[in-house]
>>> print(open('model-v9.tsv').read())   # TSV, C-alpha atoms and all ligand atoms
chain	number	residue	atom	x	y	z
R	849	MET	CA	5.05	-30.43	-17.13
R	850	SER	CA	4.65	-27.32	-14.96
R	851	LYS	CA	5.99	-23.84	-14.41
R	852	ILE	CA	6.36	-22.21	-11.01
R	853	VAL	CA	7.38	-18.66	-10.07
R	854	THR	CA	7.94	-17.26	-6.56
R	855	MET	CA	8.08	-13.51	-5.91
R	856	ILE	CA	8.27	-11.25	-2.89
R	857	ALA	CA	6.62	-7.82	-2.90
R	858	PRO	CA	6.88	-4.98	-0.43
R	859	VAL	CA	4.32	-3.05	1.55
R	860	ASN	CA	3.84	0.63	0.73
R	861	ILE	CA	2.67	3.27	3.17
R	862	ALA	CA	0.98	6.35	1.73
R	863	VAL	CA	2.02	9.85	2.69
R	864	ILE	CA	-0.80	11.32	0.58
R	865	LYS	CA	-3.69	8.96	1.20
R	866	TYR	CA	-6.01	7.42	-1.35
R	867	TRP	CA	-9.53	7.55	0.07
R	868	GLY	CA	-12.59	7.35	-2.16
R	869	LYS	CA	-13.34	5.70	-5.49
R	870	ARG	CA	-14.99	7.15	-8.57
R	871	ASP	CA	-15.49	3.64	-10.00
R	872	GLU	CA	-15.78	0.73	-7.59
R	873	GLU	CA	-15.48	-2.05	-10.15
R	874	LEU	CA	-12.35	-0.77	-11.90
R	875	ILE	CA	-11.03	0.62	-8.60
R	876	LEU	CA	-10.49	4.14	-9.91
R	877	PRO	CA	-9.64	6.64	-7.19
R	878	LEU	CA	-10.97	10.16	-6.70
R	879	ASN	CA	-7.49	11.50	-6.01
R	880	ASP	CA	-3.80	10.99	-6.75
R	881	SER	CA	-1.79	9.45	-3.91
R	882	VAL	CA	1.88	9.18	-3.00
R	883	SER	CA	3.65	6.48	-0.99
R	884	ALA	CA	7.00	5.04	-0.02
R	885	THR	CA	7.65	1.36	-0.65
R	886	LEU	CA	9.25	-0.35	2.34
R	887	ASP	CA	12.09	-2.80	2.37
R	888	THR	CA	11.03	-6.40	1.72
R	889	ASN	CA	13.32	-7.85	4.39
R	890	VAL	CA	10.97	-6.65	7.13
R	891	MET	CA	7.44	-6.66	5.75
R	892	CYS	CA	6.49	-8.39	2.57
R	893	ALA	CA	4.19	-10.81	0.84
R	894	LYS	CA	5.65	-13.95	-0.73
R	895	THR	CA	3.66	-15.59	-3.47
R	896	SER	CA	4.22	-18.70	-5.58
R	897	VAL	CA	2.17	-19.32	-8.69
R	898	CYS	CA	2.17	-22.60	-10.55
R	899	ALA	CA	0.49	-23.59	-13.83
R	900	ARG	CA	0.04	-27.24	-14.82
R	901	PRO	CA	-2.07	-28.99	-17.45
R	902	GLU	CA	-3.26	-31.47	-14.75
R	903	PHE	CA	-4.86	-28.81	-12.52
R	904	PHE	CA	-8.67	-28.98	-12.69
R	905	GLU	CA	-9.36	-25.52	-11.28
R	906	ASN	CA	-7.71	-22.36	-10.07
R	907	GLU	CA	-6.93	-22.61	-6.36
R	908	ILE	CA	-5.45	-20.30	-3.73
R	909	TRP	CA	-3.95	-20.68	-0.23
R	910	LEU	CA	-3.56	-17.53	1.88
R	911	ASN	CA	-1.32	-17.74	4.92
R	912	GLY	CA	-1.65	-21.54	4.80
R	913	LYS	CA	-5.46	-21.57	4.58
R	914	LYS	CA	-7.33	-22.59	1.44
R	915	GLU	CA	-9.59	-19.75	0.25
R	916	SER	CA	-12.11	-19.54	-2.54
R	917	PHE	CA	-10.83	-18.41	-5.94
R	918	THR	CA	-14.29	-17.14	-6.81
R	919	ASN	CA	-13.35	-13.68	-5.65
R	920	GLN	CA	-14.04	-11.08	-8.31
R	921	ARG	CA	-10.85	-9.11	-7.67
R	922	LEU	CA	-8.67	-12.20	-7.84
R	923	GLU	CA	-10.38	-13.37	-11.01
R	924	ASN	CA	-10.03	-9.91	-12.59
R	925	CYS	CA	-6.27	-9.88	-11.94
R	926	LEU	CA	-5.74	-13.35	-13.42
R	927	HIS	CA	-7.99	-12.63	-16.38
R	928	GLU	CA	-6.27	-9.30	-17.17
R	929	ILE	CA	-2.77	-10.81	-16.98
R	930	GLN	CA	-3.84	-13.64	-19.29
R	931	ALA	CA	-5.43	-11.14	-21.70
R	932	ARG	CA	-2.20	-9.09	-21.69
R	933	ALA	CA	-0.15	-12.25	-22.33
R	934	ALA	CA	-2.44	-13.12	-25.24
R	935	ASP	CA	-2.02	-9.57	-26.65
R	936	GLU	CA	1.75	-9.69	-26.27
R	937	LYS	CA	1.81	-13.30	-27.57
R	938	SER	CA	4.28	-13.99	-24.76
R	939	VAL	CA	3.19	-17.60	-24.10
R	940	SER	CA	1.44	-20.34	-26.07
R	941	VAL	CA	-2.35	-20.58	-26.28
R	942	GLU	CA	-2.05	-24.01	-24.65
R	943	PHE	CA	-0.17	-22.58	-21.65
R	944	LEU	CA	-2.86	-19.93	-21.26
R	945	SER	CA	-5.51	-22.66	-20.90
R	946	TRP	CA	-3.80	-24.30	-17.91
R	947	LYS	CA	-5.23	-23.65	-14.45
R	948	VAL	CA	-3.10	-22.02	-11.76
R	949	HIS	CA	-2.47	-22.67	-8.08
R	950	VAL	CA	-1.48	-19.71	-5.91
R	951	CYS	CA	0.13	-19.80	-2.48
R	952	SER	CA	0.69	-16.51	-0.65
R	953	VAL	CA	1.99	-15.63	2.83
R	954	ASN	CA	2.51	-12.32	4.64
R	955	ASN	CA	5.08	-11.91	7.39
R	956	PHE	CA	2.97	-9.30	9.25
R	957	PRO	CA	-0.66	-8.92	10.50
R	958	THR	CA	-3.20	-9.22	7.69
R	959	ALA	CA	-5.95	-6.58	7.28
R	960	ALA	CA	-4.98	-4.53	10.35
R	961	GLY	CA	-4.15	-1.38	8.42
R	962	LEU	CA	-0.67	-2.51	7.45
R	963	ALA	CA	-1.19	-2.52	3.71
R	964	SER	CA	-1.28	-6.31	3.55
R	965	SER	CA	-3.59	-6.36	0.54
R	966	ALA	CA	-1.30	-3.93	-1.27
R	967	ALA	CA	1.70	-6.23	-0.90
R	968	GLY	CA	-0.43	-9.32	-1.54
R	969	TYR	CA	-1.96	-8.19	-4.83
R	970	ALA	CA	1.25	-6.53	-6.05
R	971	CYS	CA	3.01	-9.83	-5.40
R	972	LEU	CA	0.33	-11.94	-7.04
R	973	VAL	CA	0.22	-9.77	-10.16
R	974	SER	CA	4.03	-9.54	-10.41
R	975	ALA	CA	4.31	-13.33	-10.04
R	976	LEU	CA	1.60	-13.93	-12.67
R	977	ALA	CA	3.30	-11.42	-14.99
R	978	LYS	CA	6.54	-13.42	-14.68
R	979	LEU	CA	4.70	-16.71	-15.17
R	980	TYR	CA	3.04	-15.46	-18.37
R	981	LYS	CA	6.13	-13.43	-19.45
R	982	VAL	CA	4.16	-10.15	-19.57
R	983	LYS	CA	6.58	-7.29	-20.15
R	984	SER	CA	4.40	-4.15	-19.99
R	985	ASP	CA	3.48	-2.13	-16.86
R	986	VAL	CA	1.24	-4.20	-14.58
R	987	SER	CA	0.42	-1.53	-11.97
R	988	SER	CA	-3.05	-1.03	-13.49
R	989	ILE	CA	-3.68	-4.78	-13.12
R	990	ALA	CA	-2.50	-4.80	-9.46
R	991	ARG	CA	-4.93	-1.88	-8.97
R	992	LEU	CA	-7.81	-4.22	-9.85
R	993	GLY	CA	-6.91	-6.34	-6.80
R	994	SER	CA	-6.55	-3.53	-4.29
R	995	GLY	CA	-6.15	0.11	-5.28
R	996	SER	CA	-3.04	0.80	-3.25
R	997	ALA	CA	-1.40	-2.39	-4.60
R	998	CYS	CA	-0.53	-0.54	-7.82
R	999	ARG	CA	2.00	1.51	-5.85
R	1000	SER	CA	3.77	-1.61	-4.47
R	1001	VAL	CA	4.74	-2.65	-7.99
R	1002	TYR	CA	7.49	0.02	-7.88
R	1003	GLY	CA	10.16	0.75	-5.28
R	1004	GLY	CA	11.20	4.01	-3.62
R	1005	PHE	CA	8.68	6.87	-3.76
R	1006	VAL	CA	5.67	6.24	-5.96
R	1007	ARG	CA	2.73	8.26	-7.26
R	1008	TRP	CA	-0.58	6.71	-8.25
R	1009	HIS	CA	-2.14	8.95	-10.88
R	1010	ALA	CA	-5.92	8.97	-10.47
R	1011	GLY	CA	-6.29	9.40	-14.25
R	1012	VAL	CA	-9.32	10.71	-16.11
R	1013	ASN	CA	-10.19	7.91	-18.54
R	1014	HIS	CA	-13.37	5.90	-17.89
R	1015	ASP	CA	-11.63	2.61	-18.65
R	1016	GLY	CA	-8.88	3.26	-16.10
R	1017	SER	CA	-6.14	3.02	-18.71
R	1018	ASP	CA	-4.37	6.10	-17.27
R	1019	SER	CA	-4.90	5.17	-13.60
R	1020	VAL	CA	-1.38	3.82	-13.13
R	1021	ALA	CA	1.53	4.13	-10.75
R	1022	SER	CA	4.88	5.71	-11.60
R	1023	GLN	CA	8.10	6.08	-9.68
R	1024	ILE	CA	8.98	9.54	-8.32
R	1025	ALA	CA	12.45	8.52	-7.12
R	1026	ASP	CA	14.08	5.18	-6.42
R	1027	ALA	CA	15.17	4.03	-2.96
R	1028	SER	CA	18.78	5.13	-3.52
R	1029	HIS	CA	17.66	8.76	-3.92
R	1030	TRP	CA	17.08	9.18	-0.15
R	1031	PRO	CA	19.01	6.33	1.49
R	1032	GLU	CA	18.74	7.89	4.99
R	1033	MET	CA	14.94	7.58	4.98
R	1034	ARG	CA	13.58	5.04	7.48
R	1035	ALA	CA	10.12	3.80	8.35
R	1036	LEU	CA	9.32	2.54	11.81
R	1037	ILE	CA	6.19	0.43	12.06
R	1038	LEU	CA	4.51	0.34	15.45
R	1039	VAL	CA	2.05	-2.52	15.79
R	1040	VAL	CA	-0.71	-1.21	18.03
R	1041	GLY	CA	-3.27	-3.92	17.28
R	1042	GLU	CA	-3.19	-7.09	15.24
R	1043	THR	CA	-6.93	-7.64	14.95
R	1044	LYS	CA	-8.72	-7.30	11.62
R	1045	LYS	CA	-10.21	-3.86	11.06
R	1046	LYS	CA	-13.96	-3.57	11.72
R	1047	ILE	CA	-14.70	-1.63	8.54
R	1048	SER	CA	-12.84	-2.62	5.39
R	1049	SER	CA	-11.30	0.20	3.37
R	1050	THR	CA	-13.83	-0.56	0.59
R	1051	SER	CA	-16.83	-0.02	2.91
R	1052	GLY	CA	-15.17	2.91	4.66
R	1053	MET	CA	-14.48	4.69	1.37
R	1054	ARG	CA	-18.07	4.11	0.22
R	1055	ILE	CA	-19.49	5.68	3.40
R	1056	SER	CA	-17.11	8.65	3.13
R	1057	VAL	CA	-17.89	9.26	-0.56
R	1058	GLN	CA	-21.63	9.18	0.17
R	1059	THR	CA	-21.65	11.30	3.32
R	1060	SER	CA	-18.52	13.39	3.95
R	1061	GLU	CA	-18.56	17.04	2.90
R	1062	LEU	CA	-14.96	17.31	3.99
R	1063	LEU	CA	-13.94	14.65	1.46
R	1064	LYS	CA	-15.16	16.89	-1.40
R	1065	HIS	CA	-13.06	19.77	-0.06
R	1066	ARG	CA	-10.03	17.48	0.29
R	1067	ILE	CA	-10.28	16.18	-3.29
R	1068	GLU	CA	-10.81	19.59	-4.84
R	1069	TYR	CA	-8.60	21.90	-2.81
R	1070	CYS	CA	-6.11	19.95	-0.71
R	1071	VAL	CA	-4.77	16.89	-2.51
R	1072	PRO	CA	-3.73	18.47	-5.84
R	1073	LEU	CA	-1.54	21.05	-4.08
R	1074	ARG	CA	-0.22	18.64	-1.46
R	1075	THR	CA	0.75	16.07	-4.07
R	1076	GLU	CA	2.90	18.56	-5.96
R	1077	GLU	CA	4.36	19.91	-2.72
R	1078	ILE	CA	5.34	16.53	-1.29
R	1079	ILE	CA	6.91	15.44	-4.58
R	1080	LYS	CA	9.05	18.61	-4.40
R	1081	THR	CA	10.10	17.78	-0.81
R	1082	ILE	CA	11.09	14.27	-1.93
R	1083	ARG	CA	13.12	15.57	-4.87
R	1084	GLU	CA	14.82	18.18	-2.64
R	1085	LYS	CA	15.13	15.80	0.34
R	1086	ASN	CA	13.46	18.38	2.58
R	1087	PHE	CA	12.57	16.13	5.52
R	1088	ALA	CA	10.84	18.72	7.76
R	1089	LYS	CA	8.39	19.74	5.03
R	1090	PHE	CA	7.90	16.14	3.86
R	1091	ALA	CA	7.05	15.17	7.45
R	1092	GLU	CA	4.67	18.07	7.98
R	1093	ILE	CA	2.65	17.26	4.85
R	1094	THR	CA	2.64	13.55	5.75
R	1095	MET	CA	1.19	14.20	9.22
R	1096	LYS	CA	-1.35	16.73	7.95
R	1097	ASP	CA	-2.57	14.32	5.30
R	1098	SER	CA	-2.93	11.45	7.77
R	1099	ASN	CA	-4.85	13.74	10.13
R	1100	GLN	CA	-7.12	14.91	7.32
R	1101	PHE	CA	-7.85	11.34	6.23
R	1102	HIS	CA	-8.90	10.38	9.78
R	1103	ALA	CA	-10.90	13.63	10.08
R	1104	ILE	CA	-12.81	12.53	6.96
R	1105	CYS	CA	-13.46	9.17	8.59
R	1106	LEU	CA	-14.98	11.00	11.56
R	1107	ASP	CA	-16.90	13.32	9.22
R	1108	SER	CA	-18.47	10.25	7.57
R	1109	TYR	CA	-21.90	9.21	8.74
R	1110	PRO	CA	-21.96	6.95	10.67
R	1111	PRO	CA	-18.40	7.90	11.69
R	1112	ILE	CA	-15.54	5.51	11.04
R	1113	VAL	CA	-12.89	5.16	13.73
R	1114	TYR	CA	-9.66	3.37	12.89
R	1115	MET	CA	-7.30	4.86	15.46
R	1116	THR	CA	-7.26	3.93	19.14
R	1117	ASP	CA	-6.14	5.80	22.28
R	1118	VAL	CA	-2.68	4.33	21.77
R	1119	SER	CA	-2.60	5.73	18.21
R	1120	HIS	CA	-3.51	9.18	19.59
R	1121	TYR	CA	-0.85	8.85	22.25
R	1122	ILE	CA	1.74	8.17	19.53
R	1123	ILE	CA	0.63	11.35	17.73
R	1124	GLU	CA	1.05	13.33	20.94
R	1125	LEU	CA	4.51	11.84	21.56
R	1126	VAL	CA	5.70	12.70	18.05
R	1127	HIS	CA	4.53	16.31	18.34
R	1128	LYS	CA	6.18	16.66	21.76
R	1129	TYR	CA	9.42	15.15	20.42
R	1130	ASN	CA	9.46	17.48	17.43
R	1131	LYS	CA	8.78	20.48	19.68
R	1132	THR	CA	11.65	19.52	22.00
R	1133	CYS	CA	13.97	19.15	18.98
R	1134	GLY	CA	12.97	22.61	17.75
R	1135	GLU	CA	12.25	21.19	14.27
R	1136	ILE	CA	10.30	18.34	12.72
R	1137	LYS	CA	12.35	15.16	13.01
R	1138	VAL	CA	9.64	12.47	12.89
R	1139	ALA	CA	6.36	12.07	11.02
R	1140	TYR	CA	3.51	9.70	11.80
R	1141	THR	CA	0.95	8.33	9.42
R	1142	PHE	CA	-1.97	5.93	10.01
R	1143	ASP	CA	-3.87	3.93	7.41
R	1144	ALA	CA	-7.24	2.24	7.96
R	1145	GLY	CA	-6.18	0.78	11.30
R	1146	PRO	CA	-4.55	1.70	14.63
R	1147	ASN	CA	-0.94	0.90	13.65
R	1148	ALA	CA	1.50	3.73	13.17
R	1149	CYS	CA	4.14	4.21	10.54
R	1150	LEU	CA	6.78	6.73	11.58
R	1151	TYR	CA	8.98	8.23	8.89
R	1152	LEU	CA	12.35	9.55	10.09
R	1153	LEU	CA	15.98	9.80	9.03
R	1154	ASP	CA	18.41	7.09	10.16
R	1155	LYS	CA	20.36	9.34	12.54
R	1156	GLU	CA	17.15	9.88	14.52
R	1157	VAL	CA	16.33	6.16	14.92
R	1158	PRO	CA	18.23	5.41	18.20
R	1159	LYS	CA	16.69	8.41	20.00
R	1160	VAL	CA	13.17	7.69	18.80
R	1161	VAL	CA	13.44	3.98	19.62
R	1162	SER	CA	14.56	4.83	23.18
R	1163	LEU	CA	11.64	7.23	23.54
R	1164	LEU	CA	9.24	4.50	22.38
R	1165	LYS	CA	10.78	1.98	24.78
R	1166	TYR	CA	10.27	4.50	27.58
R	1167	ALA	CA	6.67	5.22	26.55
R	1168	PHE	CA	5.76	1.57	25.88
R	1169	PRO	CA	8.05	-0.44	28.20
R	1170	THR	CA	6.40	-3.81	27.63
R	1171	SER	CA	6.08	-3.56	23.86
R	1172	ASN	CA	8.47	-4.98	21.30
R	1173	SER	CA	6.19	-4.75	18.29
R	1174	GLU	CA	8.16	-2.44	16.10
R	1175	PHE	CA	10.03	-2.89	12.87
R	1176	ILE	CA	12.59	-0.54	11.43
R	1177	THR	CA	13.12	-0.52	7.74
R	1178	GLY	CA	14.50	1.44	4.84
R	1179	LEU	CA	12.92	1.88	1.45
R	1180	SER	CA	12.88	-0.88	-1.08
R	1181	VAL	CA	13.47	-1.47	-4.74
R	1182	GLN	CA	10.55	-3.39	-6.19
R	1183	ALA	CA	8.93	-6.83	-6.38
R	1184	GLU	CA	11.71	-9.38	-6.78
R	1185	GLU	CA	11.80	-12.95	-8.03
R	1186	LEU	CA	13.12	-15.59	-5.65
R	1187	THR	CA	15.02	-18.42	-7.20
R	1188	GLY	CA	15.62	-21.94	-5.96
R	1189	ASP	CA	12.56	-21.80	-3.73
B	1	LIG	O1	-6.03	-0.19	-1.39
B	1	LIG	P1	-6.96	-0.29	-0.22
B	1	LIG	O2	-8.35	-0.62	-0.62
B	1	LIG	O3	-6.42	-1.21	0.84
B	1	LIG	O4	-7.05	1.18	0.46
B	1	LIG	C1	-5.97	1.79	1.07
B	1	LIG	C2	-6.39	3.00	1.80
B	1	LIG	C3	-5.35	3.61	2.71
B	1	LIG	O5	-4.41	2.66	3.14
B	1	LIG	C4	-6.05	4.16	3.94
B	1	LIG	C5	-4.64	4.79	2.06
B	1	LIG	C6	-3.58	4.47	1.03
B	1	LIG	O6	-3.40	5.31	0.14
B	1	LIG	O7	-2.91	3.42	1.11
>>> encode(input="model-v9.tsv", output="structure tokens")
Amino acid sequence: MSKIVTMIAPVNIAVIKYWGKRDEELILPLNDSVSATLDTNVMCAKTSVCARPEFFENEIWLNGKKESFTNQRLENCLHEIQARAADEKSVSVEFLSWKVHVCSVNNFPTAAGLASSAAGYACLVSALAKLYKVKSDVSSIARLGSGSACRSVYGGFVRWHAGVNHDGSDSVASQIADASHWPEMRALILVVGETKKKISSTSGMRISVQTSELLKHRIEYCVPLRTEEIIKTIREKNFAKFAEITMKDSNQFHAICLDSYPPIVYMTDVSHYIIELVHKYNKTCGEIKVAYTFDAGPNACLYLLDKEVPKVVSLLKYAFPTSNSEFITGLSVQAEELTGD
């Protein structure tokens, strides 16, 4: 007797960045953040979860390699889903006692600033929620795996509310608009480096919270206003303003990394060259047509409208003649179940 569920979950790329925690254990952020969830056909995590009475212990395979399940974040996610299932009485007590095996793969570089943990934990939690028939919102559980994962639980444009409660009960994600709201929106991912980042986002955030004066200014004065402004640009489909805020927020996040002590550097010369190219392109166009944003790594995510894609791709081919590491994608719905797998 066994039950198996396979899900795919998308990556999300923030346009208002989450950087800094107020509670490291519950993964509660200092600020609200906003992201777009990308289409699963280009970049996604695929996770199968299986429960059987014969399993002796919980086990996990990541990208084909067996990893230890004694990882606090992993255990917290499983434990919270099981507790929710017990509350909702969605499965039998016997089923809840069975051990689980998890198998997860990403179709893009892991831990190189491409939101792999976001897709991975969103996928794991969504698959476990299906396995245990949990019906309520699971974004706060995905958050326990990796903060930004809570945003990948929903499609389209998503806001993660920092919340104010100590127990994190109001630190959840909600959808601003679904993918069909702005069907022309595209994301172009430029893979600059595939190596693992030197400083994890957890360590980087800790250093910034402890040492950056600029971070305090950002949290208090910049993010609250920017969050409301960018949500308005999404609702009104005002691309130029959306792009401007996106670029400014990425720049401010990396300025905070440099303001941290010792400084944290995620972008490379190639990343800076991409920034320069985008600004030159926008200047030549006479208006903002493309936005860049960089997470905790050198890879770029360009947001643009579909009519701009051919021109921007030719520019990139001209600037990086030997490179073919780019993916073009639209926005996505949400984590989906795969059947017959
Ligand atoms: O969720 P984490 O711990 O991988 O942190 C993500 C941090 C950024 O990607 C830099 C910003 C964000 O909001 O996704």
>>> atom_distance(input="model-v9.tsv", atom1="CA of Lys1089 (chain R)", atom2="CA of Val1113 (chain R)")
27.2 Å
>>> atom_distance(input="model-v9.tsv", atom1="CA of Leu1153 (chain R)", atom2="CA of Met1033 (chain R)")
4.7 Å
>>> closest_residue(input="model-v9.tsv", among="R:Asn955, R:Ser1056, R:Asn1147, R:Ser1108", to="Gly1041 (chain R)", atoms="all atoms listed in the file")
R:Asn1147
>>> residues_near_point(input="model-v9.tsv", point="(-22.5, 6.1, 11.5)", cutoff="12 Å", atoms="only C-alpha atoms", output="tab-separated table (two decimals) with C-alpha atoms, in the coordinates of the input")
chain	number	residue	atom	x	y	z
R	1047	ILE	CA	-14.70	-1.63	8.54
R	1051	SER	CA	-16.83	-0.02	2.91
R	1052	GLY	CA	-15.17	2.91	4.66
R	1055	ILE	CA	-19.49	5.68	3.40
R	1056	SER	CA	-17.11	8.65	3.13
R	1058	GLN	CA	-21.63	9.18	0.17
R	1059	THR	CA	-21.65	11.30	3.32
R	1060	SER	CA	-18.52	13.39	3.95
R	1105	CYS	CA	-13.46	9.17	8.59
R	1106	LEU	CA	-14.98	11.00	11.56
R	1107	ASP	CA	-16.90	13.32	9.22
R	1108	SER	CA	-18.47	10.25	7.57
R	1109	TYR	CA	-21.90	9.21	8.74
R	1110	PRO	CA	-21.96	6.95	10.67
R	1111	PRO	CA	-18.40	7.90	11.69
R	1112	ILE	CA	-15.54	5.51	11.04
R	1113	VAL	CA	-12.89	5.16	13.73
>>> residues_around(input="model-v9.tsv", residues="region 1007-1020 of chain R", least_positions_apart="6", cutoff="7 Å", atoms="all atoms listed in the file", output="list in words")
Leu874, Leu876, Pro877, Leu878, Asn879, Asp880, Ser881, Val882, Ser883, Ser987, Ser988, Cys998 and Arg999 of chain R
>>> build_atoms(input="model-v9.tsv", residues="region 1022-1038 of chain R", atoms="N, CA, C and O atoms", output="PDB file, in the frame of the given file")
ATOM      1  N   SER R1022       3.563   5.441 -11.011  1.00  0.00           N
ATOM      2  CA  SER R1022       4.880   5.710 -11.600  1.00  0.00           C
ATOM      3  C   SER R1022       5.839   6.085 -10.474  1.00  0.00           C
ATOM      4  O   SER R1022       5.419   6.552  -9.416  1.00  0.00           O
ATOM      5  N   GLN R1023       7.111   5.831 -10.723  1.00  0.00           N
ATOM      6  CA  GLN R1023       8.100   6.080  -9.680  1.00  0.00           C
ATOM      7  C   GLN R1023       8.512   7.559  -9.660  1.00  0.00           C
ATOM      8  O   GLN R1023       8.778   8.135 -10.712  1.00  0.00           O
ATOM      9  N   ILE R1024       8.529   8.149  -8.460  1.00  0.00           N
ATOM     10  CA  ILE R1024       8.980   9.540  -8.320  1.00  0.00           C
ATOM     11  C   ILE R1024      10.507   9.541  -8.182  1.00  0.00           C
ATOM     12  O   ILE R1024      11.209  10.330  -8.796  1.00  0.00           O
ATOM     13  N   ALA R1025      11.001   8.648  -7.323  1.00  0.00           N
ATOM     14  CA  ALA R1025      12.450   8.520  -7.120  1.00  0.00           C
ATOM     15  C   ALA R1025      12.708   7.123  -6.581  1.00  0.00           C
ATOM     16  O   ALA R1025      11.874   6.591  -5.827  1.00  0.00           O
ATOM     17  N   ASP R1026      13.845   6.537  -6.938  1.00  0.00           N
ATOM     18  CA  ASP R1026      14.080   5.180  -6.420  1.00  0.00           C
ATOM     19  C   ASP R1026      14.662   5.240  -5.008  1.00  0.00           C
ATOM     20  O   ASP R1026      14.977   6.324  -4.492  1.00  0.00           O
ATOM     21  N   ALA R1027      14.788   4.075  -4.369  1.00  0.00           N
ATOM     22  CA  ALA R1027      15.170   4.030  -2.960  1.00  0.00           C
ATOM     23  C   ALA R1027      16.546   4.653  -2.711  1.00  0.00           C
ATOM     24  O   ALA R1027      16.802   5.202  -1.639  1.00  0.00           O
ATOM     25  N   SER R1028      17.424   4.601  -3.711  1.00  0.00           N
ATOM     26  CA  SER R1028      18.780   5.130  -3.520  1.00  0.00           C
ATOM     27  C   SER R1028      18.806   6.659  -3.479  1.00  0.00           C
ATOM     28  O   SER R1028      19.794   7.259  -3.071  1.00  0.00           O
ATOM     29  N   HIS R1029      17.723   7.295  -3.898  1.00  0.00           N
ATOM     30  CA  HIS R1029      17.660   8.760  -3.920  1.00  0.00           C
ATOM     31  C   HIS R1029      17.737   9.343  -2.495  1.00  0.00           C
ATOM     32  O   HIS R1029      18.340  10.389  -2.280  1.00  0.00           O
ATOM     33  N   TRP R1030      17.110   8.658  -1.529  1.00  0.00           N
ATOM     34  CA  TRP R1030      17.080   9.180  -0.150  1.00  0.00           C
ATOM     35  C   TRP R1030      17.416   8.016   0.785  1.00  0.00           C
ATOM     36  O   TRP R1030      16.541   7.509   1.500  1.00  0.00           O
ATOM     37  N   PRO R1031      18.679   7.560   0.765  1.00  0.00           N
ATOM     38  CA  PRO R1031      19.010   6.330   1.490  1.00  0.00           C
ATOM     39  C   PRO R1031      18.878   6.454   3.003  1.00  0.00           C
ATOM     40  O   PRO R1031      18.793   5.450   3.706  1.00  0.00           O
ATOM     41  N   GLU R1032      18.843   7.690   3.526  1.00  0.00           N
ATOM     42  CA  GLU R1032      18.740   7.890   4.990  1.00  0.00           C
ATOM     43  C   GLU R1032      17.300   7.708   5.478  1.00  0.00           C
ATOM     44  O   GLU R1032      17.057   7.648   6.684  1.00  0.00           O
ATOM     45  N   MET R1033      16.352   7.659   4.566  1.00  0.00           N
ATOM     46  CA  MET R1033      14.940   7.580   4.980  1.00  0.00           C
ATOM     47  C   MET R1033      14.640   6.228   5.629  1.00  0.00           C
ATOM     48  O   MET R1033      15.016   5.185   5.121  1.00  0.00           O
ATOM     49  N   ARG R1034      13.978   6.270   6.784  1.00  0.00           N
ATOM     50  CA  ARG R1034      13.580   5.040   7.480  1.00  0.00           C
ATOM     51  C   ARG R1034      12.088   5.092   7.791  1.00  0.00           C
ATOM     52  O   ARG R1034      11.529   6.178   7.997  1.00  0.00           O
ATOM     53  N   ALA R1035      11.511   3.912   7.884  1.00  0.00           N
ATOM     54  CA  ALA R1035      10.120   3.800   8.350  1.00  0.00           C
ATOM     55  C   ALA R1035      10.133   2.914   9.573  1.00  0.00           C
ATOM     56  O   ALA R1035      10.820   1.892   9.594  1.00  0.00           O
ATOM     57  N   LEU R1036       9.404   3.329  10.578  1.00  0.00           N
ATOM     58  CA  LEU R1036       9.320   2.540  11.810  1.00  0.00           C
ATOM     59  C   LEU R1036       7.853   2.157  11.975  1.00  0.00           C
ATOM     60  O   LEU R1036       6.994   3.035  12.056  1.00  0.00           O
ATOM     61  N   ILE R1037       7.588   0.881  11.953  1.00  0.00           N
ATOM     62  CA  ILE R1037       6.190   0.430  12.060  1.00  0.00           C
ATOM     63  C   ILE R1037       5.898   0.055  13.500  1.00  0.00           C
ATOM     64  O   ILE R1037       6.603  -0.771  14.084  1.00  0.00           O
ATOM     65  N   LEU R1038       4.883   0.649  14.068  1.00  0.00           N
ATOM     66  CA  LEU R1038       4.510   0.340  15.450  1.00  0.00           C
ATOM     67  C   LEU R1038       3.197  -0.433  15.420  1.00  0.00           C
ATOM     68  O   LEU R1038       2.166   0.105  14.999  1.00  0.00           O
TER      69      LEU R1038
END
